[in-house]
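Novice: Please see the structure below; I have some questions.
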Number of protein chains: 2
Amino acid sequence: MEMPKPNPELLAIKPTLVKKLQGVLPLDAVIHEEAETRAYECDALTAYRCPPLAAVLPRNTEEVAAVLKICHDMGVPVVPRGAGTSLAGGSLPTADSVILGVARMNEVLETDYDNRFIRVQTGRTNLSVSGAVEEEDFFYAPDPSSQLACAISGNIAMNSGGAHCLKYGVTTNNLLGVTMVQMDGTVVEIGGAHLDAGGLDLLGVICGSEGQLGVVTEATLRILRKPEGARPVLMGFDSNEVAGECVSDIMKAGVLPVAIEFMDRPCIRATEAFAGAGYPDCEALLIVEVEGSDAEITEQLDKILAIARSHNPVELRESTSADESARIWLGRKSAFGAMGQINDYMCLDGTIPVNQLPYVLRRIGEMSAEYGLGVGNVFHAGDGNMHPLILFNANKPGDLEKCEAFGADILNLCVEVGGCLTGEHGVGIEKRDLMVNQFTPEDMEAQMAVKDVFDPKWLLNPAKVFPLATSETRRIAAE
Amino acid sequence: MEMPKPNPELLAIKPTLVKKLQGVLPLDAVIHEEAETRAYECDALTAYRCPPLAAVLPRNTEEVAAVLKICHDMGVPVVPRGAGTSLAGGSLPTADSVILGVARMNEVLETDYDNRFIRVQTGRTNLSVSGAVEEEDFFYAPDPSSQLACAISGNIAMNSGGAHCLKYGVTTNNLLGVTMVQMDGTVVEIGGAHLDAGGLDLLGVICGSEGQLGVVTEATLRILRKPEGARPVLMGFDSNEVAGECVSDIMKAGVLPVAIEFMDRPCIRATEAFAGAGYPDCEALLIVEVEGSDAEITEQLDKILAIARSHNPVELRESTSADESARIWLGRKSAFGAMGQINDYMCLDGTIPVNQLPYVLRRIGEMSAEYGLGVGNVFHAGDGNMHPLILFNANKPGDLEKCEAFGADILNLCVEVGGCLTGEHGVGIEKRDLMVNQFTPEDMEAQMAVKDVFDPKWLLNPAKVFPLATSETRRIAAE
């Protein structure tokens, strides 16, 4: 991926910039030595790297506002960063930008069980939000695979999902309000702890805006009562098509499992070798989990098992104990790690209509043969959110480029069948050039015009979301 | 409510405008005779009336685009109108504006049961969306009281809710995508039939934007499988406080009824006299409904009844038949009509944190005594969405103004306790001047800057949402 050329004027003013930043932050919160800025050179899309001009670690909204105002006035681009777990390069620095990391902003500001919300600083990790309300038997629903590490700020930026979002919705369905600092330092409150808001509801456009509109410093999140129990079923099928049809039939029947996870043979084999979860050696595997009281679980599972049986499964294993449940999930949770043991991989993220699963899986298989690159599929099938993992060799010249081309083909296929370029990872740098395949020029103009409003100088999170040439033209025009 | 003075230049160009509109629409789709434009002089907030310059009834996106382009080029304001059921004056014309009605746009464009969506033209009524998928046992969840009449376009404009939205969410949670025409005639596609979208998610800000950003002509809506069954329980309490506490406890327990409706004594009495539903004569009444299979219903109701019993209800009646269920709902559904038999009323709409219900109901009672105007409360208690009905006499000079002042006090109280000005009816003209009590100047500026993007000349739905002086200043500055 091409990155914009650094502006030599910005590189030249670094000493002045650092001094100003040190004027509003503690000394140890301004990182500017080259050896230290390297810690921020990439996120989880590790194929691309670039150390920033500097990195800052503010502690609260006021410090964020002070930093942004300085950068705004000096014309310095800012890349907001949560925990740096983006798989789409969403927090990749440019050489002339300042990384604004929220890692020190992790306090719980308010918990309200009567009205079922929690307000936190957005540097707090996803899992520790649930941790903060666990004693009262509540939890925060969206559960990205990286939930131990990823920050709420990043979840909001990317509208993150997770295995259990089939039932509970993704971040945007669980976010009630935010405090956001605009690039010029203005602080705005959007939404709140209540239903609806009056006036224009800006919360939806902030959620998923990938740091293009502002830096979200505080968030009010919906918390839910923990279900009494949960039980998974493992289903094995002898073809991806049949497994896909089973998913489609479950969704159509009106049962709403909390999760429907899908793994194909390459992932099953890799996972089994790595974690030994006792998965059957078959073409496709589903984990379907339901929640509730014992009676509710039994009733829902009866329906689901009847649907599964009508598709002639090669395996149908209902968990009978907590141990067995843990083992069923162990394989799924180890899948990314297991694939990583075999090879370098690039994890894609696209969404398709659920009834297109069989067709899309078959086409991915065909493309895999054409490109000569292996691919494993492990994903959230219930809402059609696919995660093909393309295997490549990072040390083999040309392999990364081939992998990128294969990935682009898959994502364009998602758009073709009526789906879209991303489910939960966002566009970042990874998919910015594919945006034109999903959106018309008029659609793109509407999005960029909203960006103009919040960040008229185009300083926030440069080189992401929009095609590079387009956003560079827009930025230069604004100068 | 003050309305802007009509611009004499616009009144003067009416003949040219009508001719141009007739050039792009069938003759009977351009309504301009004064006797006929009167049909569009008000919506359901009938206290305010003003016939428009003209009204047009296009049949599709192309005709909407042609109309908007003409009005845009001539600088004529446009007021989009669904079925005209707005209780907030959301489609009230100004004297120099054109009403753009979507009544002729009511086709079903696509139904897809596998992927659970329906695409319709937005003039289609809410109930007939469910009607179109009923045969396959599906339904569209949001159910405003006016669902027999109200149009999807208005539901999207106001982010409408309904009694059953506690479980299923309001319009924004059931809207997947829209085709929207901007004021200059540009057509954009926002969202789609898939999860997430990539780029800036503009769908959230379009939903609830009250016709300020564009005219939504087509919508892709989530449809759901009908539940197997539903069962309501009627609960009577001897104080509003105790009923409020019961609601709060049910929500806190983690059970999710599909509806929790609340009525206070004035509404109970009026309703009983009008509909004879067999309600007990008590201070406060709750209807709590749960859905699912028989086993699920029984299990959920057991928990809910236990909570209710701990609050010493004066009545606790679980429905045992379809007839009894219908009778329990009959009273609730007749409540607005029953109150209307007694008096003129203004129906307010504000949202509060659920645990503030007892306090807010007590304060409303006190204010009712101070103003000397009766008030009845009938509302969606589970999500804190209140609908106080203030009784007044439209023929008594000064009563409307007193009613407006009382209403403003109630809505400001909602904001004070951490809630907001609207739950599902929107701001319209009714609450535009109260916006400054909920939003800071920075918050308002962020909203208006987004309006600038989509409608730079401020021609769409004038005099709504923002304080009149503010929006007029903005419009004049744009000229």
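In the structure tokens, the first chain shown is A, the next is B, and so on; residue numbers restart at 1 for each chain, and ligands run from 1 in the order shown.
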Chain A residues within 6 Å of chain B, counting only C-alpha atoms: which ones, as a ChimeraX atom specification?

Specialist: /A:114-115,188,194,196-202,204-205,209,225,252,254,296,353-355,419-420,422-423,427,443,447,449,453,465

Novice: Would you please give, as a PyMOL selection string, all residues of range 389-442 of chain A that DSSP assigns to strand (DSSP E) based on the backbone?

Specialist: chain A and resi 389-392

Novice: Would you pick out the contacts of Ser146 in chain B at 12 Å or less, using only C-alpha atoms, so that residues sharing its chain but fewer than 2 positions from it are not included, and give the list as a list in words?

Specialist: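 With the cut-off at 12 Å, the set is Ala44, Ala83, Gly84, Thr85, Ser86, Leu87, Thr125, Asn126, Leu127, Pro142, Asp143, Pro144, Leu148, Ala149, Cys150, Ala151, Ile152, Gly154, Asn155, Ser160, Gly161, Gly162, Ala163, Lys333, Ser334, Phe336, Gly337 and His425 of chain B.
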
Novice: Looking at A:Met367, A:Val216, A:Ala477, A:Ala463, which one is nearest to Ala405 in chain A, with distances taken over only C-alpha atoms?

Specialist: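 Ranked by minimum distance to Ala405 in chain A, first place goes to A:Met367.
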
Novice: Rounded to one decimal place, report the CA of Glu291 in chain A-CA of Asp294 in chain B distance in Å.

Specialist: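 Between these atoms lies a distance of 17.2 Å.
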
Novice: In Å, with one decimal, what is the gap from CA of Gln22 in chain A to CA of Ala35 in chain A?

Specialist: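 Distance reported for this atom pair: 18.4 Å.
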
Novice: Using DSSP on the backbone coordinates, identify the residues of range 50-218 of chain A assigned to alpha helix (DSSP H); present them as a PDB file with N, CA and C atoms, in the first residue's frame.

Specialist:
```pdb
ATOM      1  N   THR A  61      -9.963  14.229  28.592  1.00  0.00           N
ATOM      2  CA  THR A  61     -10.524  15.004  27.478  1.00  0.00           C
ATOM      3  C   THR A  61      -9.811  16.345  27.302  1.00  0.00           C
ATOM      4  N   GLU A  62      -9.508  17.008  28.424  1.00  0.00           N
ATOM      5  CA  GLU A  62      -8.880  18.330  28.352  1.00  0.00           C
ATOM      6  C   GLU A  62      -7.506  18.226  27.681  1.00  0.00           C
ATOM      7  N   GLU A  63      -6.732  17.199  28.070  1.00  0.00           N
ATOM      8  CA  GLU A  63      -5.407  17.051  27.461  1.00  0.00           C
ATOM      9  C   GLU A  63      -5.514  16.695  25.973  1.00  0.00           C
ATOM     10  N   VAL A  64      -6.502  15.873  25.635  1.00  0.00           N
ATOM     11  CA  VAL A  64      -6.705  15.551  24.216  1.00  0.00           C
ATOM     12  C   VAL A  64      -7.021  16.829  23.441  1.00  0.00           C
ATOM     13  N   ALA A  65      -7.899  17.663  24.029  1.00  0.00           N
ATOM     14  CA  ALA A  65      -8.275  18.914  23.358  1.00  0.00           C
ATOM     15  C   ALA A  65      -7.061  19.817  23.163  1.00  0.00           C
ATOM     16  N   ALA A  66      -6.209  19.872  24.179  1.00  0.00           N
ATOM     17  CA  ALA A  66      -5.017  20.726  24.095  1.00  0.00           C
ATOM     18  C   ALA A  66      -4.072  20.229  22.995  1.00  0.00           C
ATOM     19  N   VAL A  67      -3.894  18.908  22.919  1.00  0.00           N
ATOM     20  CA  VAL A  67      -3.016  18.327  21.890  1.00  0.00           C
ATOM     21  C   VAL A  67      -3.565  18.611  20.497  1.00  0.00           C
ATOM     22  N   LEU A  68      -4.861  18.363  20.330  1.00  0.00           N
ATOM     23  CA  LEU A  68      -5.456  18.545  19.004  1.00  0.00           C
ATOM     24  C   LEU A  68      -5.378  20.005  18.563  1.00  0.00           C
ATOM     25  N   LYS A  69      -5.609  20.913  19.517  1.00  0.00           N
ATOM     26  CA  LYS A  69      -5.558  22.333  19.153  1.00  0.00           C
ATOM     27  C   LYS A  69      -4.159  22.714  18.644  1.00  0.00           C
ATOM     28  N   ILE A  70      -3.131  22.235  19.344  1.00  0.00           N
ATOM     29  CA  ILE A  70      -1.753  22.525  18.912  1.00  0.00           C
ATOM     30  C   ILE A  70      -1.519  21.982  17.499  1.00  0.00           C
ATOM     31  N   CYS A  71      -1.868  20.721  17.286  1.00  0.00           N
ATOM     32  CA  CYS A  71      -1.635  20.101  15.977  1.00  0.00           C
ATOM     33  C   CYS A  71      -2.455  20.794  14.891  1.00  0.00           C
ATOM     34  N   HIS A  72      -3.690  21.135  15.237  1.00  0.00           N
ATOM     35  CA  HIS A  72      -4.556  21.831  14.283  1.00  0.00           C
ATOM     36  C   HIS A  72      -3.927  23.140  13.850  1.00  0.00           C
ATOM     37  N   ASP A  73      -3.473  23.911  14.844  1.00  0.00           N
ATOM     38  CA  ASP A  73      -2.938  25.238  14.526  1.00  0.00           C
ATOM     39  C   ASP A  73      -1.630  25.150  13.736  1.00  0.00           C
ATOM     40  N   MET A  74      -0.872  24.073  13.970  1.00  0.00           N
ATOM     41  CA  MET A  74       0.395  23.909  13.242  1.00  0.00           C
ATOM     42  C   MET A  74       0.217  23.096  11.957  1.00  0.00           C
ATOM     43  N   ASN A 126     -11.819  -3.586  26.083  1.00  0.00           N
ATOM     44  CA  ASN A 126     -13.160  -4.147  25.944  1.00  0.00           C
ATOM     45  C   ASN A 126     -13.496  -5.085  27.097  1.00  0.00           C
ATOM     46  N   LEU A 127     -12.609  -6.047  27.374  1.00  0.00           N
ATOM     47  CA  LEU A 127     -12.937  -7.056  28.381  1.00  0.00           C
ATOM     48  C   LEU A 127     -13.052  -6.444  29.780  1.00  0.00           C
ATOM     49  N   SER A 128     -12.254  -5.416  30.041  1.00  0.00           N
ATOM     50  CA  SER A 128     -12.291  -4.838  31.381  1.00  0.00           C
ATOM     51  C   SER A 128     -13.533  -3.969  31.601  1.00  0.00           C
ATOM     52  N   VAL A 129     -14.273  -3.679  30.545  1.00  0.00           N
ATOM     53  CA  VAL A 129     -15.574  -3.038  30.736  1.00  0.00           C
ATOM     54  C   VAL A 129     -16.519  -4.048  31.365  1.00  0.00           C
ATOM     55  N   SER A 130     -16.567  -5.255  30.781  1.00  0.00           N
ATOM     56  CA  SER A 130     -17.375  -6.309  31.402  1.00  0.00           C
ATOM     57  C   SER A 130     -16.864  -6.607  32.805  1.00  0.00           C
ATOM     58  N   GLY A 131     -15.544  -6.596  32.959  1.00  0.00           N
ATOM     59  CA  GLY A 131     -14.937  -6.854  34.272  1.00  0.00           C
ATOM     60  C   GLY A 131     -15.448  -5.901  35.334  1.00  0.00           C
ATOM     61  N   ALA A 132     -15.680  -4.655  34.944  1.00  0.00           N
ATOM     62  CA  ALA A 132     -16.083  -3.633  35.911  1.00  0.00           C
ATOM     63  C   ALA A 132     -17.515  -3.824  36.415  1.00  0.00           C
ATOM     64  N   VAL A 133     -18.313  -4.610  35.691  1.00  0.00           N
ATOM     65  CA  VAL A 133     -19.717  -4.782  36.096  1.00  0.00           C
ATOM     66  C   VAL A 133     -20.049  -6.250  36.399  1.00  0.00           C
ATOM     67  N   ILE A 152     -11.877   0.348  23.819  1.00  0.00           N
ATOM     68  CA  ILE A 152     -13.211   0.810  23.434  1.00  0.00           C
ATOM     69  C   ILE A 152     -13.126   1.891  22.341  1.00  0.00           C
ATOM     70  N   SER A 153     -12.099   2.730  22.400  1.00  0.00           N
ATOM     71  CA  SER A 153     -11.943   3.765  21.366  1.00  0.00           C
ATOM     72  C   SER A 153     -11.860   3.130  19.984  1.00  0.00           C
ATOM     73  N   GLY A 154     -11.084   2.055  19.874  1.00  0.00           N
ATOM     74  CA  GLY A 154     -10.956   1.351  18.598  1.00  0.00           C
ATOM     75  C   GLY A 154     -12.232   0.637  18.227  1.00  0.00           C
ATOM     76  N   ASN A 155     -12.914   0.070  19.213  1.00  0.00           N
ATOM     77  CA  ASN A 155     -14.213  -0.585  18.954  1.00  0.00           C
ATOM     78  C   ASN A 155     -15.197   0.414  18.353  1.00  0.00           C
ATOM     79  N   ILE A 156     -15.209   1.625  18.895  1.00  0.00           N
ATOM     80  CA  ILE A 156     -16.114   2.656  18.378  1.00  0.00           C
ATOM     81  C   ILE A 156     -15.662   3.091  16.979  1.00  0.00           C
ATOM     82  N   ALA A 157     -14.358   3.272  16.809  1.00  0.00           N
ATOM     83  CA  ALA A 157     -13.842   3.723  15.514  1.00  0.00           C
ATOM     84  C   ALA A 157     -14.207   2.730  14.412  1.00  0.00           C
ATOM     85  N   MET A 158     -14.141   1.430  14.714  1.00  0.00           N
ATOM     86  CA  MET A 158     -14.344   0.409  13.687  1.00  0.00           C
ATOM     87  C   MET A 158     -15.729  -0.228  13.757  1.00  0.00           C
ATOM     88  N   CYS A 165     -22.248 -11.237  18.640  1.00  0.00           N
ATOM     89  CA  CYS A 165     -22.994 -10.065  18.185  1.00  0.00           C
ATOM     90  C   CYS A 165     -24.206 -10.422  17.343  1.00  0.00           C
ATOM     91  N   LEU A 166     -24.331 -11.697  16.988  1.00  0.00           N
ATOM     92  CA  LEU A 166     -25.517 -12.109  16.234  1.00  0.00           C
ATOM     93  C   LEU A 166     -26.765 -11.750  17.025  1.00  0.00           C
ATOM     94  N   LYS A 167     -26.725 -12.023  18.318  1.00  0.00           N
ATOM     95  CA  LYS A 167     -27.880 -11.715  19.163  1.00  0.00           C
ATOM     96  C   LYS A 167     -27.872 -10.275  19.656  1.00  0.00           C
ATOM     97  N   TYR A 168     -26.702  -9.779  20.051  1.00  0.00           N
ATOM     98  CA  TYR A 168     -26.672  -8.505  20.776  1.00  0.00           C
ATOM     99  C   TYR A 168     -26.354  -7.291  19.914  1.00  0.00           C
ATOM    100  N   LEU A 203     -24.556  10.192  16.501  1.00  0.00           N
ATOM    101  CA  LEU A 203     -23.865   9.068  17.119  1.00  0.00           C
ATOM    102  C   LEU A 203     -23.549   7.968  16.105  1.00  0.00           C
ATOM    103  N   GLY A 204     -24.509   7.700  15.204  1.00  0.00           N
ATOM    104  CA  GLY A 204     -24.321   6.632  14.226  1.00  0.00           C
ATOM    105  C   GLY A 204     -23.160   6.908  13.283  1.00  0.00           C
ATOM    106  N   VAL A 205     -22.996   8.142  12.899  1.00  0.00           N
ATOM    107  CA  VAL A 205     -21.913   8.452  11.957  1.00  0.00           C
ATOM    108  C   VAL A 205     -20.558   8.520  12.663  1.00  0.00           C
ATOM    109  N   ILE A 206     -20.574   8.848  13.954  1.00  0.00           N
ATOM    110  CA  ILE A 206     -19.317   8.829  14.724  1.00  0.00           C
ATOM    111  C   ILE A 206     -18.862   7.381  14.874  1.00  0.00           C
TER     112      ILE A 206
END
```

Novice: Considering only C-alpha atoms, return as a PyMOL selection string whatever protein or nucleic-acid residues lie within 6 Å of His387 in chain A, sequence-local ones (same chain, fewer than 2 positions apart) excluded.

Specialist: chain A and resi 348-349+378-379

Novice: Please, what distance in Å, to one decimal, runs between CA of Gly214 in chain A and CA of Glu472 in chain A?

Specialist: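 Result for CA of Gly214 in chain A versus CA of Glu472 in chain A: 18.5 Å, one decimal.
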
Novice: Nearest to Gly236 in chain B: which of B:Val290, B:Ile390, B:Leu285, B:Ala88 is it, counting only C-alpha atoms?

Specialist: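 Comparing B:Val290, B:Ile390, B:Leu285, B:Ala88 against Gly236 in chain B, the winner is B:Leu285.
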
Novice: With distances taken over only C-alpha atoms, which of B:Pro77, B:Gly407, B:Pro8, B:Gly382 is nearest to Pro462 in chain B?

Specialist: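 Closest to Pro462 in chain B of all the choices is B:Pro77.
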
Novice: Would you pick out the contacts of Lys396 in chain B at 12 Å or less, using only C-alpha atoms, so that residues sharing its chain but fewer than 5 positions from it are not included, and give the list as a list in words?

Specialist: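 Listed by chain and then number, they are Asn343, Asp344, Glu401, Lys402 and Cys403 of chain B.
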